[in-house]
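Okay, query34.cif now, which holds mmCIF, C-alpha atoms and all ligand atoms:
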data_start
#
loop_
_atom_site.label_atom_id
_atom_site.label_comp_id
_atom_site.auth_asym_id
_atom_site.auth_seq_id
_atom_site.Cartn_x
_atom_site.Cartn_y
_atom_site.Cartn_z
CA MET A 8 3.24 84.29 1.94
CA ILE A 9 4.95 82.37 4.74
CA SER A 10 3.72 79.01 5.96
CA ILE A 11 5.79 77.15 8.55
CA LYS A 12 4.67 73.86 10.09
CA GLY A 13 6.19 71.79 12.88
CA LEU A 14 9.56 73.48 12.62
CA SER A 15 12.35 72.53 15.02
CA LYS A 16 15.93 73.78 15.17
CA ALA A 17 18.81 72.64 17.35
CA TYR A 18 22.41 73.68 17.88
CA GLY A 19 25.18 71.27 18.82
CA SER A 20 25.09 67.53 18.31
CA VAL A 21 23.69 64.53 20.11
CA ASP A 22 27.26 63.55 21.10
CA THR A 23 28.04 66.84 22.76
CA SER A 24 24.99 68.58 24.07
CA LEU A 25 21.97 69.32 21.96
CA LEU A 26 20.35 72.70 22.47
CA ILE A 27 16.85 72.76 20.98
CA VAL A 28 16.16 76.43 20.29
CA LEU A 29 12.95 76.16 18.25
CA LYS A 30 10.36 73.57 19.21
CA ASN A 31 7.54 72.58 16.87
CA ILE A 32 6.88 76.08 15.54
CA SER A 33 3.91 76.58 13.25
CA LEU A 34 3.30 80.01 11.82
CA ASN A 35 1.47 81.68 8.94
CA ILE A 36 2.13 85.21 7.76
CA ASP A 37 -0.03 86.68 5.01
CA GLU A 38 1.12 89.02 2.28
CA GLY A 39 0.82 92.62 3.53
CA GLU A 40 0.95 91.86 7.26
CA PHE A 41 3.10 93.86 9.70
CA VAL A 42 4.05 91.37 12.43
CA ALA A 43 6.18 91.87 15.54
CA ILE A 44 7.86 88.92 17.28
CA MET A 45 8.46 89.44 21.00
CA GLY A 46 9.90 87.33 23.78
CA PRO A 47 12.68 87.22 26.38
CA SER A 48 16.33 87.19 25.37
CA GLY A 49 17.32 83.69 24.24
CA SER A 50 13.77 82.62 23.39
CA GLY A 51 14.68 81.98 19.75
CA LYS A 52 13.42 85.17 18.04
CA SER A 53 16.54 85.82 15.95
CA THR A 54 16.87 82.14 15.04
CA LEU A 55 13.28 82.08 13.78
CA LEU A 56 13.76 85.35 11.88
CA ASN A 57 16.95 84.05 10.24
CA ILE A 58 15.09 80.92 9.14
CA ILE A 59 12.22 83.02 7.73
CA GLY A 60 14.89 85.05 5.90
CA MET A 61 16.43 81.83 4.53
CA LEU A 62 19.76 82.65 6.19
CA ASP A 63 19.66 79.56 8.38
CA ASN A 64 18.51 75.95 8.02
CA PHE A 65 16.48 73.74 10.36
CA GLU A 66 16.18 70.07 11.31
CA ALA A 67 12.48 69.29 11.13
CA GLY A 68 9.30 70.77 9.74
CA THR A 69 8.25 72.54 6.54
CA TYR A 70 8.64 76.06 5.23
CA GLN A 71 6.68 77.29 2.23
CA PHE A 72 7.51 80.80 0.94
CA LYS A 73 4.99 81.89 -1.69
CA ASP A 74 4.89 78.77 -3.89
CA GLN A 75 8.40 77.58 -3.02
CA ASN A 76 9.30 74.67 -0.75
CA VAL A 77 12.31 76.31 0.92
CA PRO A 78 14.22 73.27 2.33
CA THR A 79 14.42 71.68 -1.14
CA LEU A 80 16.07 74.70 -2.79
CA SER A 81 19.76 74.79 -3.74
CA GLN A 82 22.04 77.48 -2.29
CA ASP A 83 21.92 79.34 -5.62
CA ALA A 84 18.13 79.20 -5.80
CA LEU A 85 17.91 80.43 -2.18
CA ALA A 86 20.29 83.31 -2.88
CA GLU A 87 18.23 84.39 -5.87
CA LEU A 88 14.93 84.06 -3.99
CA ARG A 89 16.36 86.17 -1.15
CA LEU A 90 17.83 88.80 -3.47
CA PHE A 91 14.52 89.66 -5.12
CA ASN A 92 12.06 88.90 -2.31
CA ILE A 93 13.57 89.79 1.05
CA GLY A 94 15.18 92.90 2.51
CA PHE A 95 17.10 92.71 5.80
CA VAL A 96 17.54 95.32 8.53
CA PHE A 97 19.58 94.68 11.69
CA GLN A 98 20.08 96.34 15.06
CA SER A 99 23.69 97.28 14.26
CA PHE A 100 22.84 98.56 10.73
CA ASN A 101 25.53 96.30 9.15
CA LEU A 102 26.66 98.96 6.69
CA ILE A 103 30.08 98.70 5.05
CA ALA A 104 32.24 101.34 6.73
CA GLN A 105 34.48 102.07 3.73
CA LEU A 106 31.58 102.70 1.34
CA SER A 107 29.41 105.80 0.88
CA ALA A 108 25.69 105.66 1.67
CA LEU A 109 25.01 105.42 -2.07
CA SER A 110 27.45 102.53 -2.61
CA ASN A 111 25.99 100.69 0.39
CA VAL A 112 22.49 100.99 -1.09
CA GLU A 113 23.75 99.92 -4.54
CA LEU A 114 25.33 96.70 -3.21
CA PRO A 115 22.26 94.41 -3.49
CA THR A 116 21.69 95.62 -7.07
CA LEU A 117 25.14 94.50 -8.30
CA TYR A 118 24.03 91.01 -9.34
CA THR A 119 20.56 91.82 -10.63
CA GLY A 120 21.56 92.24 -14.27
CA VAL A 121 20.37 95.86 -14.29
CA LYS A 122 22.67 98.39 -16.01
CA LYS A 123 24.89 100.58 -13.83
CA ALA A 124 23.19 103.92 -14.60
CA ALA A 125 19.75 102.53 -13.75
CA ARG A 126 21.07 100.94 -10.55
CA ARG A 127 22.64 104.22 -9.45
CA LYS A 128 19.44 106.14 -10.21
CA ASN A 129 17.38 103.64 -8.22
CA ALA A 130 19.75 103.75 -5.23
CA THR A 131 19.70 107.56 -5.29
CA GLU A 132 15.90 107.56 -5.38
CA GLN A 133 15.72 105.16 -2.43
CA LEU A 134 17.94 107.44 -0.35
CA THR A 135 16.02 110.53 -1.46
CA ALA A 136 12.71 108.91 -0.45
CA LEU A 137 14.16 108.38 3.02
CA GLY A 138 15.25 112.02 3.34
CA LEU A 139 18.93 111.36 2.69
CA ALA A 140 19.40 113.13 -0.67
CA ASP A 141 22.13 115.33 0.80
CA ARG A 142 23.90 112.40 2.47
CA VAL A 143 24.56 110.08 -0.49
CA ASP A 144 28.34 110.63 -0.42
CA HIS A 145 28.68 110.29 3.36
CA LYS A 146 30.34 107.28 4.95
CA PRO A 147 28.40 105.51 7.75
CA SER A 148 30.69 107.05 10.40
CA GLU A 149 29.63 110.50 9.18
CA LEU A 150 25.95 109.75 9.80
CA SER A 151 23.82 109.58 12.96
CA GLY A 152 22.40 106.24 14.11
CA GLY A 153 18.97 107.08 12.71
CA GLN A 154 20.48 108.11 9.37
CA GLN A 155 22.55 104.91 9.24
CA GLN A 156 19.43 102.84 9.84
CA ARG A 157 17.63 104.73 7.06
CA VAL A 158 20.52 103.91 4.72
CA ALA A 159 20.13 100.27 5.77
CA ILE A 160 16.39 100.45 5.04
CA ALA A 161 17.09 102.02 1.63
CA ARG A 162 19.50 99.13 0.95
CA ALA A 163 16.87 96.61 2.09
CA MET A 164 14.27 98.16 -0.24
CA VAL A 165 16.44 98.74 -3.32
CA ASN A 166 15.37 95.56 -5.15
CA ASP A 167 11.72 96.18 -4.21
CA PRO A 168 11.29 93.01 -2.11
CA ALA A 169 7.83 91.94 -0.93
CA LEU A 170 9.15 91.10 2.54
CA LEU A 171 11.14 93.22 4.98
CA ILE A 172 12.78 91.37 7.87
CA ALA A 173 14.09 93.42 10.79
CA ASP A 174 15.89 92.15 13.91
CA GLU A 175 15.66 94.74 16.71
CA PRO A 176 15.79 97.60 14.16
CA THR A 177 15.48 100.24 16.89
CA GLY A 178 17.69 98.48 19.44
CA SER A 179 20.55 100.96 18.96
CA LEU A 180 18.41 104.10 18.63
CA ASP A 181 16.96 106.64 21.07
CA THR A 182 13.19 106.81 21.58
CA GLU A 183 12.52 109.68 19.20
CA THR A 184 14.58 108.16 16.38
CA SER A 185 12.95 104.77 17.04
CA VAL A 186 9.52 106.29 16.50
CA ASP A 187 10.76 107.87 13.23
CA ILE A 188 11.94 104.47 12.03
CA MET A 189 8.64 102.83 13.03
CA GLN A 190 6.69 105.51 11.15
CA LEU A 191 8.86 104.68 8.16
CA PHE A 192 8.00 100.98 8.55
CA GLN A 193 4.31 101.90 8.68
CA ARG A 194 4.67 103.85 5.42
CA LEU A 195 6.30 100.82 3.78
CA HIS A 196 3.52 98.63 5.20
CA LYS A 197 0.86 100.97 3.74
CA ARG A 198 2.61 100.62 0.37
CA GLY A 199 2.00 96.87 0.62
CA LYS A 200 5.25 95.54 2.08
CA THR A 201 5.05 92.56 4.40
CA ILE A 202 7.11 93.25 7.54
CA VAL A 203 8.34 90.78 10.17
CA MET A 204 10.16 92.53 12.99
CA VAL A 205 11.74 91.27 16.20
CA THR A 206 11.68 93.62 19.17
CA HIS A 207 11.67 93.36 22.94
CA GLU A 208 10.02 96.74 23.42
CA GLU A 209 6.22 96.81 23.76
CA GLU A 210 6.07 100.42 22.47
CA ILE A 211 7.84 99.35 19.28
CA ALA A 212 5.72 96.20 18.86
CA ALA A 213 2.62 98.42 19.13
CA PHE A 214 3.38 99.77 15.65
CA ALA A 215 2.73 96.31 14.18
CA ASP A 216 -0.71 94.89 13.38
CA ARG A 217 -0.04 91.58 15.11
CA VAL A 218 2.26 90.53 17.94
CA ILE A 219 3.59 86.96 18.12
CA ARG A 220 5.02 86.03 21.52
CA MET A 221 7.75 83.43 22.05
CA ARG A 222 9.08 81.71 25.13
CA ASP A 223 11.72 78.96 25.36
CA GLY A 224 11.66 78.25 21.63
CA LYS A 225 7.89 78.04 21.36
CA ILE A 226 5.21 80.42 20.14
CA VAL A 227 2.97 81.04 23.14
CA ASP A 228 0.69 83.60 21.46
CA HIS A 229 0.06 84.05 17.74
CA GLY A 230 -1.66 87.42 18.31
CA VAL A 231 -4.63 88.78 16.44
CA ASN A 232 -4.45 90.93 13.35
CA THR A 233 -5.77 94.36 14.35
N1 LIG B 1 25.14 79.78 16.46
C1 LIG B 1 24.68 79.32 17.63
N2 LIG B 1 25.24 78.25 18.23
C2 LIG B 1 24.76 77.76 19.40
N3 LIG B 1 23.71 78.30 20.06
C3 LIG B 1 23.12 79.37 19.52
C4 LIG B 1 23.57 79.95 18.29
N4 LIG B 1 22.77 81.03 18.00
C5 LIG B 1 21.87 81.10 19.00
N5 LIG B 1 22.09 80.14 19.92
C6 LIG B 1 21.28 79.89 21.14
O1 LIG B 1 19.93 79.72 20.73
C7 LIG B 1 19.04 80.31 21.66
C8 LIG B 1 18.15 81.31 20.95
O2 LIG B 1 18.95 82.39 20.49
P1 LIG B 1 18.32 83.62 19.68
O3 LIG B 1 17.51 83.09 18.57
O4 LIG B 1 19.44 84.52 19.34
O5 LIG B 1 17.36 84.28 20.77
P2 LIG B 1 16.75 85.75 20.87
O6 LIG B 1 16.93 86.43 19.55
O7 LIG B 1 15.31 85.53 21.24
O8 LIG B 1 17.49 86.44 21.98
C9 LIG B 1 19.91 80.92 22.74
O9 LIG B 1 19.98 80.01 23.81
C10 LIG B 1 21.25 81.07 22.07
O10 LIG B 1 22.29 81.01 23.01
MG MG B 2 17.91 88.14 18.98
#

Give the structure from the file, written as structure tokens.
Amino acid sequence: MISIKGLSKAYGSVDTSLLIVLKNISLNIDEGEFVAIMGPSGSGKSTLLNIIGMLDNFEAGTYQFKDQNVPTLSQDALAELRLFNIGFVFQSFNLIAQLSALSNVELPTLYTGVKKAARRKNATEQLTALGLADRVDHKPSELSGGQQQRVAIARAMVNDPALLIADEPTGSLDTETSVDIMQLFQRLHKRGKTIVMVTHEEEIAAFADRVIRMRDGKIVDHGVNT
């Protein structure tokens, strides 16, 4: 599904000071894998994840997603590819405070061309599947951290993407709630979703089938698929 070769990424410019944050990264992720990316703070995990999620560009190397050559795509083509193929989950949930859980989950469906009634039904079903049927009208501030993250996962899944990308998804949650969220990820994985998750906690990474380890912008261990 994902094939990255010789990828490098820098911030800044040659004139000022160039910070090379990803150095000659090569990485393959197969459809259906559940991969964790670990490494010290500042090692480039989020940068790599954002590139995989097509939210960020890079200076050198190649990135093939399914049969698409990502660097050659226009902004519009990238946006469409993302919309139907990739769901995003973040440490801080990134829900819209003014909107209900249901409206948050409906957001990624707005530009899919699906009729309103069908979009609402789908969003309701996503929330119901995550145990939030009685919370659809609640605002994020009226929900616990674990519930907010489940709303975010429902939003990530609403267009049925093949790939779920998660940056420290349990970073704001207590241990028990973190395990709940990881069990949810494992259920999605069993249903065939490909998951790429950044974490700095070994206990969380243990839920994945493969652990990739980074240090100073390089992959130092590709892990083995267990
Ligand atoms: N927008 C940016 N501008 C400049 N430097 C950045 C930017 N984003 C990240 N960095 C730097 O890139 C390096 C890698 O950051 P990041 O990918 O967030 O690491 P991690 O997620 O592993 O903690 C860090 O040194 C960070 O300071
Ligand atoms: Mg990070």

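The neighbours of region 105-107 of chain A here are the residues that come within 8 Å of it, using all atoms listed in the file and leaving out any residue fewer than 2 positions away in the same chain; they are Ile103, Leu109, Ser110, Asn111, Val143, Asp144, His145, Lys146 and Pro147 of chain A.
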
Which residues, protein or nucleic acid, reach to within 7 Å of (17.7, 108.4, 6.3) in the file's coordinates when using all atoms listed in the file, and can you give that as an NGL selection string? :A and (134 or 137-139 or 153-158)

With C-alpha atoms kept, could you save the residues just selected as a short mmCIF file (atom, residue, chain, number, x, y, z; two decimals), in the frame of the given file?
data_model
loop_
_atom_site.label_atom_id
_atom_site.label_comp_id
_atom_site.auth_asym_id
_atom_site.auth_seq_id
_atom_site.Cartn_x
_atom_site.Cartn_y
_atom_site.Cartn_z
CA LEU A 134 17.94 107.44 -0.35
CA LEU A 137 14.16 108.38 3.02
CA GLY A 138 15.25 112.02 3.34
CA LEU A 139 18.93 111.36 2.69
CA GLY A 153 18.97 107.08 12.71
CA GLN A 154 20.48 108.11 9.37
CA GLN A 155 22.55 104.91 9.24
CA GLN A 156 19.43 102.84 9.84
CA ARG A 157 17.63 104.73 7.06
CA VAL A 158 20.52 103.91 4.72
#

Interatomic distance between CA of Asp216 (chain A) and CA of Lys52 (chain A)? 17.8 Å

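Taking CA of Glu113 (chain A) and CA of Lys197 (chain A) as endpoints, the distance between them is 24.4 Å.
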
List the residues sitting within 7 Å of (22.3, 99.0, -0.4) in the file's frame, using only C-alpha atoms, as a PyMOL selection string. chain A and resi 110-115+159+161-163+165

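The interatomic distance for the pair CA of Ile188 (chain A) and CA of Glu210 (chain A) works out to 12.6 Å.
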
Using all atoms listed in the file, what table do you get, as a Markdown table, when you list each residue of chain A with an atom no more than 10 Å from ligand MG 2 (chain B), its nearest pair of atoms, and their distance in Å rounded to one decimal, rows by chain then rising number?
| residue | atom | partner | partner_atom | distance |
| --- | --- | --- | --- | --- |
| A:Met45 | CA | B:MG2 | MG | 9.8 |
| A:Gly46 | CA | B:MG2 | MG | 9.4 |
| A:Pro47 | CA | B:MG2 | MG | 9.1 |
| A:Ser48 | CA | B:MG2 | MG | 6.7 |
| A:Gly49 | CA | B:MG2 | MG | 6.9 |
| A:Ser50 | CA | B:MG2 | MG | 8.2 |
| A:Gly51 | CA | B:MG2 | MG | 7.0 |
| A:Lys52 | CA | B:MG2 | MG | 5.5 |
| A:Ser53 | CA | B:MG2 | MG | 4.1 |
| A:Thr54 | CA | B:MG2 | MG | 7.3 |
| A:Leu55 | CA | B:MG2 | MG | 9.2 |
| A:Leu56 | CA | B:MG2 | MG | 8.7 |
| A:Asn57 | CA | B:MG2 | MG | 9.7 |
| A:Phe97 | CA | B:MG2 | MG | 9.9 |
| A:Gln98 | CA | B:MG2 | MG | 9.3 |
| A:Asp174 | CA | B:MG2 | MG | 6.8 |
| A:Glu175 | CA | B:MG2 | MG | 7.3 |
| A:Val205 | CA | B:MG2 | MG | 7.5 |
| A:Thr206 | CA | B:MG2 | MG | 8.3 |
| A:His207 | CA | B:MG2 | MG | 9.0 |

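Taking only C-alpha atoms and all ligand atoms into account, ligand LIG 1 (chain B) lies nearest to A:Ile27 out of the set A:Ile9, A:Ile27, A:Ala136, A:Ala104.
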
Report as a ChimeraX atom specification all protein, DNA and RNA residues lying within 10 Å of Ile93 (chain A), evaluated on all atoms listed in the file, omitting residues in the same chain fewer than 2 positions from it. /A:59-61,87-91,95,163-164,166-172,201-202

Determine the nearest neighbour of ligand LIG 1 (chain B) from the options A:Lys123, A:Arg217, A:Arg198, A:Arg222, counting all atoms listed in the file. A:Arg222

Contact residues around Phe214 (chain A) with only C-alpha atoms at 12 Å, ignoring same-chain residues under 5 positions, as a PDB file with C-alpha atoms, keeping the file's coordinate frame:
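Saved result, out-v8.pdb, follows:
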ATOM      1  CA  GLU A  40       0.950  91.860   7.260  1.00  0.00           C
ATOM      2  CA  PHE A  41       3.100  93.860   9.700  1.00  0.00           C
ATOM      3  CA  VAL A  42       4.050  91.370  12.430  1.00  0.00           C
ATOM      4  CA  ALA A  43       6.180  91.870  15.540  1.00  0.00           C
ATOM      5  CA  ILE A  44       7.860  88.920  17.280  1.00  0.00           C
ATOM      6  CA  SER A 185      12.950 104.770  17.040  1.00  0.00           C
ATOM      7  CA  VAL A 186       9.520 106.290  16.500  1.00  0.00           C
ATOM      8  CA  ASP A 187      10.760 107.870  13.230  1.00  0.00           C
ATOM      9  CA  ILE A 188      11.940 104.470  12.030  1.00  0.00           C
ATOM     10  CA  MET A 189       8.640 102.830  13.030  1.00  0.00           C
ATOM     11  CA  GLN A 190       6.690 105.510  11.150  1.00  0.00           C
ATOM     12  CA  LEU A 191       8.860 104.680   8.160  1.00  0.00           C
ATOM     13  CA  PHE A 192       8.000 100.980   8.550  1.00  0.00           C
ATOM     14  CA  GLN A 193       4.310 101.900   8.680  1.00  0.00           C
ATOM     15  CA  ARG A 194       4.670 103.850   5.420  1.00  0.00           C
ATOM     16  CA  HIS A 196       3.520  98.630   5.200  1.00  0.00           C
ATOM     17  CA  ILE A 202       7.110  93.250   7.540  1.00  0.00           C
ATOM     18  CA  VAL A 203       8.340  90.780  10.170  1.00  0.00           C
ATOM     19  CA  MET A 204      10.160  92.530  12.990  1.00  0.00           C
ATOM     20  CA  VAL A 205      11.740  91.270  16.200  1.00  0.00           C
ATOM     21  CA  THR A 206      11.680  93.620  19.170  1.00  0.00           C
ATOM     22  CA  GLU A 208      10.020  96.740  23.420  1.00  0.00           C
ATOM     23  CA  GLU A 209       6.220  96.810  23.760  1.00  0.00           C
ATOM     24  CA  THR A 233      -5.770  94.360  14.350  1.00  0.00           C
TER      25      THR A 233
END

Leu29 (chain A) surroundings by only C-alpha atoms, 6 Å radius, close-in-sequence under 5 positions cut, as a CSV table (one decimal) with C-alpha atoms, keeping the file's coordinate frame:
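Saved to out.csv:
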chain,number,residue,atom,x,y,z
A,15,SER,CA,12.4,72.5,15.0
A,16,LYS,CA,15.9,73.8,15.2
A,224,GLY,CA,11.7,78.2,21.6

Which of these, A:Ala213, A:Leu180, A:Leu102, A:Leu34, has the shortest distance to Ile226 (chain A) once you count all atoms listed in the file? A:Leu34

Pick out the closest residue to ligand LIG 1 (chain B) from this set: A:Leu150, A:Leu85, A:Ala17, A:Val218. Count only C-alpha atoms and all ligand atoms. A:Ala17

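The shortest atom-to-atom distance to ligand LIG 1 (chain B), with only C-alpha atoms and all ligand atoms taken into account, belongs to A:Ser20 out of A:Thr119, A:Ser20, A:Gln71, A:Thr182.
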